[in-house]
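Novice: The structure is given below, and queries will be raised subsequently.
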Amino acid sequence: MPTTSPSPLAAARPEEYGAPITGDAGLRAAYRLCRQRTQREDPVEYALIQLAPPALRPPCWALWAAANAIDDLADERDATPEQRARRVEQWITGLTRDLHLGRSSDPVRHALVDTAIRWQLDLSELTDAMLLVKNDASGRHFDDWAAWRAWGRDTLLPWFDQVRDLFDRAGAPLALRLDEKDNYEQFLDGVRLTDILTDLAADLADGDLLLPQEVFKAFPGSGDDLAGLRWSTPVAELIAHLTALARRWTTQPSLTRGMHPGPATIVQSMARLLHAQLDAINQAGPALLHTPPRPARATSARILAPARARAALAWRLTHLTLPAPRTPGTTAPCAPPTPLLAGPRARAFAAPPAHPSGARPPHLTSAQMPAHVAVIMDGNGRWATQQGLPRAHGHRSGALALRDTVHGALDIGLCHLTLYTFSTENWKRDPEEVDAILDVIRNELATDPYRDLDVRIRWHGRTGKLPADLVDLLLTRERTTRDRTGLTLTLCINYGGRDEITRAAARLAATVKNDGLNPDWITENDLARHLPHPDMPDVDLLWRTGNEQRTSNFLPWHSSYAELHFTEHLWPDVDRRHLWQAITEYSRRQRHYGATPQQTTGS
């Protein structure tokens, strides 16, 4: 391990290491090495990490150094592609072993393992990103922007999500509104593109050109000129186009709206530093093909000086939740029992509690089962009124009915259950009742009654007037359950069907304007891809309780061919047996999708 000379790096204050193991000089040296590597290899990222509170800097150094270590192994040009892939695999396998041991002889992994244990991070979520880097050792090729984006997001997003989890656990969440998810991913596209343009000289020297072939077709001759290290008019036009594209992608002012001021300062400073870097790329000219451009120190200082002051103030006013001192010899609770290369850790989930009556679900074949059931849970207020109780009591009782319905969905093996929890029209109700409904939702998310069940939670709707703490809870439940493969439970909160389609049309219009999509070629699939949840399957069965027979602006796009099922029961009186009855009724229906019904013999 290299030694360090007296410097600000070597003189880090104890509190900058969170709650360190007393006397563990090896661990301190490991974090120090991660800090040095981050500062040397990624000066922009290092400057941004320094805007974080001191206790969060070491884990960020460890994460960044680990990502760079794997990339460096995949890019080693003194080895064959097979050797590079094997070295990456050995590094990942070593990490799995080290997580079980709670320590590592490799300094970067030693710091990473300590970070995972100390902050309770689940590193198994990095599996796919690591495997992609392993595959990248054999070279990368992208036909179009779609393939390029998929690669960039799959390799970058998991690492950024670890940082988000870290801030969440410290009590300073990097909360992102659902309607900003696309902007967040596009922002990271801009980060990746800026990084590629900055490292263009090094990549060209290694024979790599990490841009989609699609873009070279728009600038004929630019690809060959770049490969031959020739600065030409097509190359200059290509670089101007790409820097403008990266600038547009990283200009997302709405991304930090409503965010904690500390993380917001970091994101805003990141955008300004990226723009300064893009200016340096534009000004480099022919030197871009031989030397990585960097903005002037004075430029970076003008951005970072006020950012440091804002961040310092934000953190002074924030009570952070720091982990307790780590006991020597502790192993990672999140360490997967099988190697990371085998995929994310398989977790043993509990079975849902049985119904008090002992009732069991009907036996239906997979062909008889709907894949997606959507429910309008109507009648909470009327139920309370009939009982002589405040309407708020009805919503609390409705939450219990919801839990049992989810248990029934797991019992019968349903894949998708979507619930109309709070509509955009519900804001018209009495403010006291609105607060009561939101309190029930908040309590259900906070108590997390499905934490031991194989339930993936998703949120569908707008941020709008929703309280920030409720949005944070929704995003946290989405993130912490995203790898579950049992029931997908989608909560439609502050949702309206027409609004969903309007937003999709707006996104599609932006694609027509910015990417040159021909309006005459637009299909239903194009619009569907621009919906907030493009992977949501069509609804097979739409069930409404409360003796009302209308769909009330609920999932109009997805329910075009849904079977409709209306029942008289008020929602608090419903349990899993009513769900099973609805599914049984669905199994008896013959769906035609506009075709002529099949005639039975002799009819």
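Scheme for the structure tokens: letters A, B, ... for chains in order shown; per-chain residue numbers from 1; ligand numbers from 1 in order shown.
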Taking 5 positions as the minimum chain separation for residues in the same chain, which residues sit within 7 Å of range 262-270 of chain A when counting only C-alpha atoms? Answer as a tab-separated table (two decimals) with N, CA and C atoms, in the first residue's frame.
Specialist:
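The file below, around_27.tsv, is the result:
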chain	number	residue	atom	x	y	z
A	48	LEU	N	-17.31	17.50	-5.50
A	48	LEU	CA	-18.72	17.39	-5.11
A	48	LEU	C	-18.86	16.62	-3.81
A	51	LEU	N	-18.61	18.55	-0.72
A	51	LEU	CA	-19.78	19.35	-0.32
A	51	LEU	C	-20.71	18.57	0.60
A	174	LEU	N	-31.88	12.20	-0.70
A	174	LEU	CA	-31.82	12.75	-2.06
A	174	LEU	C	-33.14	12.41	-2.74
A	256	THR	N	-34.12	19.58	-8.48
A	256	THR	CA	-33.86	19.81	-7.06
A	256	THR	C	-35.00	20.51	-6.35
A	303	ILE	N	-17.48	28.49	-8.86
A	303	ILE	CA	-18.65	27.63	-8.66
A	303	ILE	C	-18.65	27.04	-7.25
A	307	ALA	N	-20.85	27.39	-3.20
A	307	ALA	CA	-21.50	26.11	-2.92
A	307	ALA	C	-21.06	25.57	-1.56
A	311	ALA	N	-23.62	24.70	1.39
A	311	ALA	CA	-23.68	23.33	1.91
A	311	ALA	C	-23.35	23.30	3.40
A	314	ALA	N	-26.34	24.39	5.32
A	314	ALA	CA	-27.40	23.37	5.28
A	314	ALA	C	-27.09	22.23	6.25
A	315	TRP	N	-25.85	21.78	6.29
A	315	TRP	CA	-25.51	20.65	7.16
A	315	TRP	C	-25.50	21.07	8.62
Novice: What's the 12 Å shell around Gly139 in chain A, counting only C-alpha atoms, without same-chain residues fewer than 4 positions away, as JSON, numbers by chain?
Specialist: {"A": [74, 75, 76, 77, 80, 81, 82, 84, 85, 132, 133, 134, 135, 203, 206, 207, 208, 209, 210]}
Novice: Keeping N, CA, C and O atoms, export the residues of the selection given above as a PDB file, in the first residue's frame.
Specialist:
ATOM      1  N   ALA A  74     -11.063  -3.388 -16.260  1.00  0.00           N
ATOM      2  CA  ALA A  74     -11.667  -3.689 -17.564  1.00  0.00           C
ATOM      3  C   ALA A  74     -10.964  -2.969 -18.700  1.00  0.00           C
ATOM      4  O   ALA A  74     -11.077  -3.375 -19.864  1.00  0.00           O
ATOM      5  N   ASP A  75     -10.222  -1.891 -18.380  1.00  0.00           N
ATOM      6  CA  ASP A  75      -9.587  -1.071 -19.415  1.00  0.00           C
ATOM      7  C   ASP A  75      -8.085  -1.315 -19.548  1.00  0.00           C
ATOM      8  O   ASP A  75      -7.427  -0.631 -20.342  1.00  0.00           O
ATOM      9  N   GLU A  76      -7.531  -2.233 -18.766  1.00  0.00           N
ATOM     10  CA  GLU A  76      -6.089  -2.473 -18.828  1.00  0.00           C
ATOM     11  C   GLU A  76      -5.686  -2.955 -20.222  1.00  0.00           C
ATOM     12  O   GLU A  76      -6.154  -4.002 -20.678  1.00  0.00           O
ATOM     13  N   ARG A  77      -4.821  -2.191 -20.890  1.00  0.00           N
ATOM     14  CA  ARG A  77      -4.463  -2.517 -22.265  1.00  0.00           C
ATOM     15  C   ARG A  77      -3.241  -3.420 -22.372  1.00  0.00           C
ATOM     16  O   ARG A  77      -2.849  -3.797 -23.465  1.00  0.00           O
ATOM     17  N   THR A  80      -5.154  -9.194 -22.444  1.00  0.00           N
ATOM     18  CA  THR A  80      -6.142  -9.571 -23.451  1.00  0.00           C
ATOM     19  C   THR A  80      -7.545  -9.350 -22.893  1.00  0.00           C
ATOM     20  O   THR A  80      -7.719  -9.248 -21.667  1.00  0.00           O
ATOM     21  N   PRO A  81      -8.561  -9.269 -23.759  1.00  0.00           N
ATOM     22  CA  PRO A  81      -9.933  -9.121 -23.241  1.00  0.00           C
ATOM     23  C   PRO A  81     -10.304 -10.223 -22.247  1.00  0.00           C
ATOM     24  O   PRO A  81     -10.983  -9.955 -21.248  1.00  0.00           O
ATOM     25  N   GLU A  82      -9.865 -11.446 -22.503  1.00  0.00           N
ATOM     26  CA  GLU A  82     -10.186 -12.547 -21.598  1.00  0.00           C
ATOM     27  C   GLU A  82      -9.532 -12.334 -20.232  1.00  0.00           C
ATOM     28  O   GLU A  82     -10.145 -12.583 -19.188  1.00  0.00           O
ATOM     29  N   ARG A  84      -8.686  -9.415 -18.939  1.00  0.00           N
ATOM     30  CA  ARG A  84      -9.347  -8.294 -18.272  1.00  0.00           C
ATOM     31  C   ARG A  84     -10.655  -8.750 -17.636  1.00  0.00           C
ATOM     32  O   ARG A  84     -10.961  -8.390 -16.491  1.00  0.00           O
ATOM     33  N   ALA A  85     -11.439  -9.525 -18.379  1.00  0.00           N
ATOM     34  CA  ALA A  85     -12.711 -10.014 -17.839  1.00  0.00           C
ATOM     35  C   ALA A  85     -12.474 -10.893 -16.617  1.00  0.00           C
ATOM     36  O   ALA A  85     -13.226 -10.822 -15.625  1.00  0.00           O
ATOM     37  N   LEU A 132     -21.790  -5.903 -16.192  1.00  0.00           N
ATOM     38  CA  LEU A 132     -21.681  -5.157 -17.447  1.00  0.00           C
ATOM     39  C   LEU A 132     -20.247  -4.694 -17.680  1.00  0.00           C
ATOM     40  O   LEU A 132     -19.750  -4.722 -18.808  1.00  0.00           O
ATOM     41  N   VAL A 133     -19.572  -4.252 -16.612  1.00  0.00           N
ATOM     42  CA  VAL A 133     -18.181  -3.833 -16.750  1.00  0.00           C
ATOM     43  C   VAL A 133     -17.325  -5.020 -17.156  1.00  0.00           C
ATOM     44  O   VAL A 133     -16.420  -4.898 -17.990  1.00  0.00           O
ATOM     45  N   LYS A 134     -17.615  -6.174 -16.585  1.00  0.00           N
ATOM     46  CA  LYS A 134     -16.884  -7.385 -16.974  1.00  0.00           C
ATOM     47  C   LYS A 134     -17.068  -7.650 -18.465  1.00  0.00           C
ATOM     48  O   LYS A 134     -16.106  -7.946 -19.195  1.00  0.00           O
ATOM     49  N   ASN A 135     -18.288  -7.537 -18.942  1.00  0.00           N
ATOM     50  CA  ASN A 135     -18.549  -7.756 -20.370  1.00  0.00           C
ATOM     51  C   ASN A 135     -17.902  -6.683 -21.239  1.00  0.00           C
ATOM     52  O   ASN A 135     -17.518  -6.941 -22.387  1.00  0.00           O
ATOM     53  N   ASP A 203      -9.502   7.262 -24.694  1.00  0.00           N
ATOM     54  CA  ASP A 203     -10.265   6.185 -25.320  1.00  0.00           C
ATOM     55  C   ASP A 203      -9.808   5.945 -26.756  1.00  0.00           C
ATOM     56  O   ASP A 203      -9.681   4.791 -27.194  1.00  0.00           O
ATOM     57  N   ASP A 206      -6.754   3.977 -26.951  1.00  0.00           N
ATOM     58  CA  ASP A 206      -6.971   2.558 -26.675  1.00  0.00           C
ATOM     59  C   ASP A 206      -7.837   1.884 -27.738  1.00  0.00           C
ATOM     60  O   ASP A 206      -8.189   0.707 -27.607  1.00  0.00           O
ATOM     61  N   GLY A 207      -8.233   2.648 -28.764  1.00  0.00           N
ATOM     62  CA  GLY A 207      -9.054   2.080 -29.832  1.00  0.00           C
ATOM     63  C   GLY A 207     -10.530   2.033 -29.519  1.00  0.00           C
ATOM     64  O   GLY A 207     -11.289   1.330 -30.196  1.00  0.00           O
ATOM     65  N   ASP A 208     -10.969   2.766 -28.494  1.00  0.00           N
ATOM     66  CA  ASP A 208     -12.385   2.796 -28.119  1.00  0.00           C
ATOM     67  C   ASP A 208     -13.035   4.083 -28.614  1.00  0.00           C
ATOM     68  O   ASP A 208     -12.410   5.148 -28.607  1.00  0.00           O
ATOM     69  N   LEU A 209     -14.274   3.963 -29.020  1.00  0.00           N
ATOM     70  CA  LEU A 209     -15.068   5.122 -29.422  1.00  0.00           C
ATOM     71  C   LEU A 209     -16.461   4.902 -28.843  1.00  0.00           C
ATOM     72  O   LEU A 209     -17.317   4.259 -29.455  1.00  0.00           O
ATOM     73  N   LEU A 210     -16.671   5.422 -27.646  1.00  0.00           N
ATOM     74  CA  LEU A 210     -17.855   5.083 -26.863  1.00  0.00           C
ATOM     75  C   LEU A 210     -19.053   5.952 -27.203  1.00  0.00           C
ATOM     76  O   LEU A 210     -19.711   6.521 -26.331  1.00  0.00           O
TER      77      LEU A 210
END
Novice: Choose the residue, out of A:Ser300, A:Thr551, A:Thr490, A:Thr523, that has the smallest atom-to-atom separation from Val44 in chain A; count only C-alpha atoms.
Specialist: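 Smallest separation from Val44 in chain A among the options: A:Ser300.
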Novice: Hey, what's within 9 Å of Asp154 in chain A if we count only C-alpha atoms and toss same-chain stuff fewer than 4 positions away? As a tab-separated table (two decimals) with all heavy atoms, in the first residue's frame, please?
Specialist:
chain	number	residue	atom	x	y	z
A	128	ASP	N	-25.48	-6.32	-11.36
A	128	ASP	CA	-25.64	-6.17	-12.81
A	128	ASP	C	-24.67	-5.15	-13.37
A	128	ASP	O	-24.12	-5.33	-14.47
A	128	ASP	CB	-27.08	-5.76	-13.14
A	128	ASP	CG	-28.07	-6.89	-12.88
A	128	ASP	OD1	-27.63	-8.06	-12.81
A	128	ASP	OD2	-29.28	-6.61	-12.76
A	129	ALA	N	-24.44	-4.05	-12.63
A	129	ALA	CA	-23.50	-3.03	-13.10
A	129	ALA	C	-22.09	-3.61	-13.19
A	129	ALA	O	-21.35	-3.33	-14.15
A	129	ALA	CB	-23.53	-1.83	-12.17
A	132	LEU	N	-21.79	-5.90	-16.19
A	132	LEU	CA	-21.68	-5.16	-17.45
A	132	LEU	C	-20.25	-4.69	-17.68
A	132	LEU	O	-19.75	-4.72	-18.81
A	132	LEU	CB	-22.62	-3.95	-17.42
A	132	LEU	CG	-24.07	-4.20	-17.85
A	132	LEU	CD1	-24.90	-2.96	-17.64
A	132	LEU	CD2	-24.15	-4.64	-19.29
A	149	ARG	N	-27.85	4.57	-24.18
A	149	ARG	CA	-28.48	4.97	-22.92
A	149	ARG	C	-28.65	3.77	-22.00
A	149	ARG	O	-28.42	3.88	-20.78
A	149	ARG	CB	-29.85	5.59	-23.20
A	149	ARG	CG	-29.81	6.98	-23.82
A	149	ARG	CD	-31.19	7.61	-23.84
A	149	ARG	NE	-31.18	8.87	-24.56
A	149	ARG	CZ	-31.53	9.00	-25.83
A	149	ARG	NH1	-31.92	7.93	-26.53
A	149	ARG	NH2	-31.49	10.17	-26.43
A	150	ALA	N	-29.07	2.65	-22.55
A	150	ALA	CA	-29.27	1.46	-21.71
A	150	ALA	C	-27.96	1.06	-21.04
A	150	ALA	O	-27.93	0.76	-19.83
A	150	ALA	CB	-29.81	0.31	-22.56
A	158	PRO	N	-26.93	2.22	-10.67
A	158	PRO	CA	-26.81	1.49	-9.40
A	158	PRO	C	-25.82	2.13	-8.43
A	158	PRO	O	-26.06	2.12	-7.21
A	158	PRO	CB	-26.33	0.10	-9.85
A	158	PRO	CG	-26.82	-0.05	-11.25
A	158	PRO	CD	-26.70	1.33	-11.83
Novice: Between A:Ala29, A:Leu410, A:Val373, A:Ala284, which has the minimum distance to Ser559 in chain A (counting only C-alpha atoms)?
Specialist: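 When distances to Ser559 in chain A are compared using only C-alpha atoms, the smallest one comes from A:Val373.
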Novice: List the neighbours of range 464-478 of chain A out to 10 Å using only C-alpha atoms; skip same-chain residues closer than 6 positions along the sequence, and give me the result as a PyMOL selection string.
Specialist: chain A and resi 164-165+168+173-179+258-260+424+427+438-439+441-446+448+451+456-458+490-491+493-495
Novice: Would you mind exporting C-alpha atoms of the selected residues as a PDB file, in the first residue's frame?
Specialist:
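Listing of selection03.pdb after writing:
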ATOM      1  CA  ARG A 164     -28.860   7.981  -2.512  1.00  0.00           C
ATOM      2  CA  ASP A 165     -29.359   5.134  -0.001  1.00  0.00           C
ATOM      3  CA  ASP A 168     -31.335   8.411   3.090  1.00  0.00           C
ATOM      4  CA  PRO A 173     -32.597  12.088   1.588  1.00  0.00           C
ATOM      5  CA  LEU A 174     -31.821  12.755  -2.057  1.00  0.00           C
ATOM      6  CA  ALA A 175     -35.547  12.544  -2.691  1.00  0.00           C
ATOM      7  CA  LEU A 176     -36.680  12.646  -6.306  1.00  0.00           C
ATOM      8  CA  ARG A 177     -40.255  13.113  -7.380  1.00  0.00           C
ATOM      9  CA  LEU A 178     -41.731  10.412  -9.580  1.00  0.00           C
ATOM     10  CA  ASP A 179     -42.459  12.935 -12.321  1.00  0.00           C
ATOM     11  CA  GLY A 258     -38.348  20.341  -2.937  1.00  0.00           C
ATOM     12  CA  MET A 259     -35.043  18.563  -2.223  1.00  0.00           C
ATOM     13  CA  HIS A 260     -33.139  18.986   1.051  1.00  0.00           C
ATOM     14  CA  THR A 424     -56.383  14.027  -8.260  1.00  0.00           C
ATOM     15  CA  TRP A 427     -58.300  17.156  -3.316  1.00  0.00           C
ATOM     16  CA  LEU A 438     -52.900  11.136   3.673  1.00  0.00           C
ATOM     17  CA  ASP A 439     -52.198  10.259   7.318  1.00  0.00           C
ATOM     18  CA  ILE A 441     -51.246   6.379   3.630  1.00  0.00           C
ATOM     19  CA  ARG A 442     -48.265   7.801   5.529  1.00  0.00           C
ATOM     20  CA  ASN A 443     -48.803   5.380   8.430  1.00  0.00           C
ATOM     21  CA  GLU A 444     -49.060   2.365   6.125  1.00  0.00           C
ATOM     22  CA  LEU A 445     -45.826   3.278   4.379  1.00  0.00           C
ATOM     23  CA  ALA A 446     -44.007   3.990   7.651  1.00  0.00           C
ATOM     24  CA  ASP A 448     -44.355  -1.187   6.193  1.00  0.00           C
ATOM     25  CA  ARG A 451     -41.644  -5.772   4.676  1.00  0.00           C
ATOM     26  CA  ARG A 456     -42.700  -4.890  -4.768  1.00  0.00           C
ATOM     27  CA  ILE A 457     -44.230  -1.456  -4.161  1.00  0.00           C
ATOM     28  CA  ARG A 458     -44.578   1.130  -6.913  1.00  0.00           C
ATOM     29  CA  THR A 490     -48.905  -0.227  -7.500  1.00  0.00           C
ATOM     30  CA  LEU A 491     -50.378   2.559  -5.388  1.00  0.00           C
ATOM     31  CA  ILE A 493     -51.698   8.329  -5.271  1.00  0.00           C
ATOM     32  CA  ASN A 494     -52.511  11.796  -6.602  1.00  0.00           C
ATOM     33  CA  TYR A 495     -53.290  10.037  -9.879  1.00  0.00           C
TER      34      TYR A 495
END
Novice: So which bits of range 236-378 of chain A end up helix (DSSP H, G or I) when you DSSP the backbone, as a PyMOL selection string?
Specialist: chain A and resi 236-249+253-256+261-289+297-316+340-342
Novice: Which polymer residues have any atom within 12 Å of an atom of Ala236 in chain A, counting only C-alpha atoms, with same-chain residues fewer than 3 positions away left out, as a PyMOL selection string?
Specialist: chain A and resi 219-223+225-226+230-233+239-243+281-289
Novice: Save the residues we just selected, N, CA, C and O atoms, as a short mmCIF file (atom, residue, chain, number, x, y, z; two decimals), in the first residue's frame?
Specialist:
data_model
loop_
_atom_site.label_atom_id
_atom_site.label_comp_id
_atom_site.auth_asym_id
_atom_site.auth_seq_id
_atom_site.Cartn_x
_atom_site.Cartn_y
_atom_site.Cartn_z
N PHE A 219 -23.02 13.04 -39.21
CA PHE A 219 -21.82 13.84 -39.51
C PHE A 219 -20.86 12.96 -40.31
O PHE A 219 -19.89 12.42 -39.74
N PRO A 220 -21.15 12.75 -41.58
CA PRO A 220 -20.36 11.82 -42.40
C PRO A 220 -18.86 12.11 -42.34
O PRO A 220 -18.42 13.26 -42.43
N GLY A 221 -18.11 11.05 -42.16
CA GLY A 221 -16.66 11.16 -42.11
C GLY A 221 -16.11 11.40 -40.72
O GLY A 221 -14.90 11.23 -40.48
N SER A 222 -16.95 11.80 -39.76
CA SER A 222 -16.45 12.13 -38.42
C SER A 222 -15.90 10.90 -37.70
O SER A 222 -14.89 11.01 -36.99
N GLY A 223 -16.53 9.76 -37.89
CA GLY A 223 -16.06 8.55 -37.22
C GLY A 223 -14.67 8.14 -37.67
O GLY A 223 -13.79 7.85 -36.84
N ASP A 225 -12.44 10.07 -39.12
CA ASP A 225 -11.48 11.10 -38.74
C ASP A 225 -11.09 10.98 -37.27
O ASP A 225 -9.92 11.13 -36.90
N LEU A 226 -12.06 10.68 -36.41
CA LEU A 226 -11.75 10.50 -35.00
C LEU A 226 -10.83 9.30 -34.79
O LEU A 226 -9.84 9.37 -34.05
N ARG A 230 -7.72 12.72 -36.57
CA ARG A 230 -7.68 13.89 -37.47
C ARG A 230 -8.78 14.87 -37.07
O ARG A 230 -9.96 14.51 -37.02
N TRP A 231 -8.40 16.10 -36.79
CA TRP A 231 -9.39 17.13 -36.50
C TRP A 231 -9.88 17.71 -37.81
O TRP A 231 -9.11 18.21 -38.63
N SER A 232 -11.17 17.62 -38.05
CA SER A 232 -11.75 18.05 -39.32
C SER A 232 -13.05 18.79 -39.06
O SER A 232 -13.55 18.83 -37.92
N THR A 233 -13.61 19.36 -40.12
CA THR A 233 -14.90 20.06 -39.97
C THR A 233 -15.99 19.13 -39.46
O THR A 233 -16.75 19.50 -38.54
N ILE A 239 -18.50 17.36 -32.30
CA ILE A 239 -18.22 17.73 -30.91
C ILE A 239 -19.15 18.84 -30.45
O ILE A 239 -19.67 18.82 -29.33
N ALA A 240 -19.39 19.83 -31.32
CA ALA A 240 -20.31 20.92 -30.97
C ALA A 240 -21.72 20.37 -30.70
O ALA A 240 -22.40 20.79 -29.76
N HIS A 241 -22.13 19.43 -31.54
CA HIS A 241 -23.46 18.82 -31.37
C HIS A 241 -23.54 18.05 -30.05
O HIS A 241 -24.52 18.17 -29.31
N LEU A 242 -22.51 17.26 -29.75
CA LEU A 242 -22.53 16.43 -28.55
C LEU A 242 -22.45 17.27 -27.28
O LEU A 242 -23.11 16.96 -26.28
N THR A 243 -21.64 18.32 -27.28
CA THR A 243 -21.57 19.17 -26.09
C THR A 243 -22.90 19.89 -25.86
O THR A 243 -23.33 20.06 -24.71
N ILE A 281 -14.29 21.60 -23.19
CA ILE A 281 -14.26 20.67 -24.33
C ILE A 281 -14.45 21.44 -25.63
O ILE A 281 -13.73 21.21 -26.62
N ASN A 282 -15.40 22.35 -25.63
CA ASN A 282 -15.66 23.14 -26.84
C ASN A 282 -14.46 24.00 -27.23
O ASN A 282 -14.19 24.22 -28.42
N GLN A 283 -13.76 24.50 -26.23
CA GLN A 283 -12.64 25.39 -26.49
C GLN A 283 -11.34 24.66 -26.82
O GLN A 283 -10.38 25.28 -27.28
N ALA A 284 -11.31 23.34 -26.60
CA ALA A 284 -10.06 22.59 -26.77
C ALA A 284 -9.63 22.48 -28.22
O ALA A 284 -8.43 22.47 -28.53
N GLY A 285 -10.59 22.39 -29.15
CA GLY A 285 -10.24 22.24 -30.56
C GLY A 285 -9.46 20.96 -30.81
O GLY A 285 -9.74 19.92 -30.20
N PRO A 286 -8.46 20.98 -31.69
CA PRO A 286 -7.69 19.77 -32.02
C PRO A 286 -7.03 19.12 -30.82
O PRO A 286 -6.80 17.90 -30.83
N ALA A 287 -6.72 19.89 -29.77
CA ALA A 287 -6.07 19.32 -28.59
C ALA A 287 -6.95 18.29 -27.89
O ALA A 287 -6.45 17.44 -27.13
N LEU A 288 -8.26 18.32 -28.16
CA LEU A 288 -9.18 17.38 -27.53
C LEU A 288 -8.81 15.94 -27.87
O LEU A 288 -9.08 15.02 -27.08
N LEU A 289 -8.20 15.73 -29.05
CA LEU A 289 -7.86 14.38 -29.50
C LEU A 289 -6.58 13.86 -28.85
O LEU A 289 -6.22 12.70 -29.06
#
Novice: Of the candidates A:Val191, A:Ala172, A:Leu400, A:Ile117, which shows the shortest atom-to-atom distance to Arg153 in chain A, using only C-alpha atoms?
Specialist: A:Val191
Novice: Write out as a PyMOL selection string all residues of range 162-410 of chain A that DSSP puts in strand (DSSP E) for this structure's backbone.
Specialist: chain A and resi 372-376
Novice: Given only C-alpha atoms as the basis, pick out the residue of A:Ile583, A:Cys34, A:Leu197, A:Leu517 nearest to Gln368 in chain A.
Specialist: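 Result for the nearest residue to Gln368 in chain A: A:Ile583.
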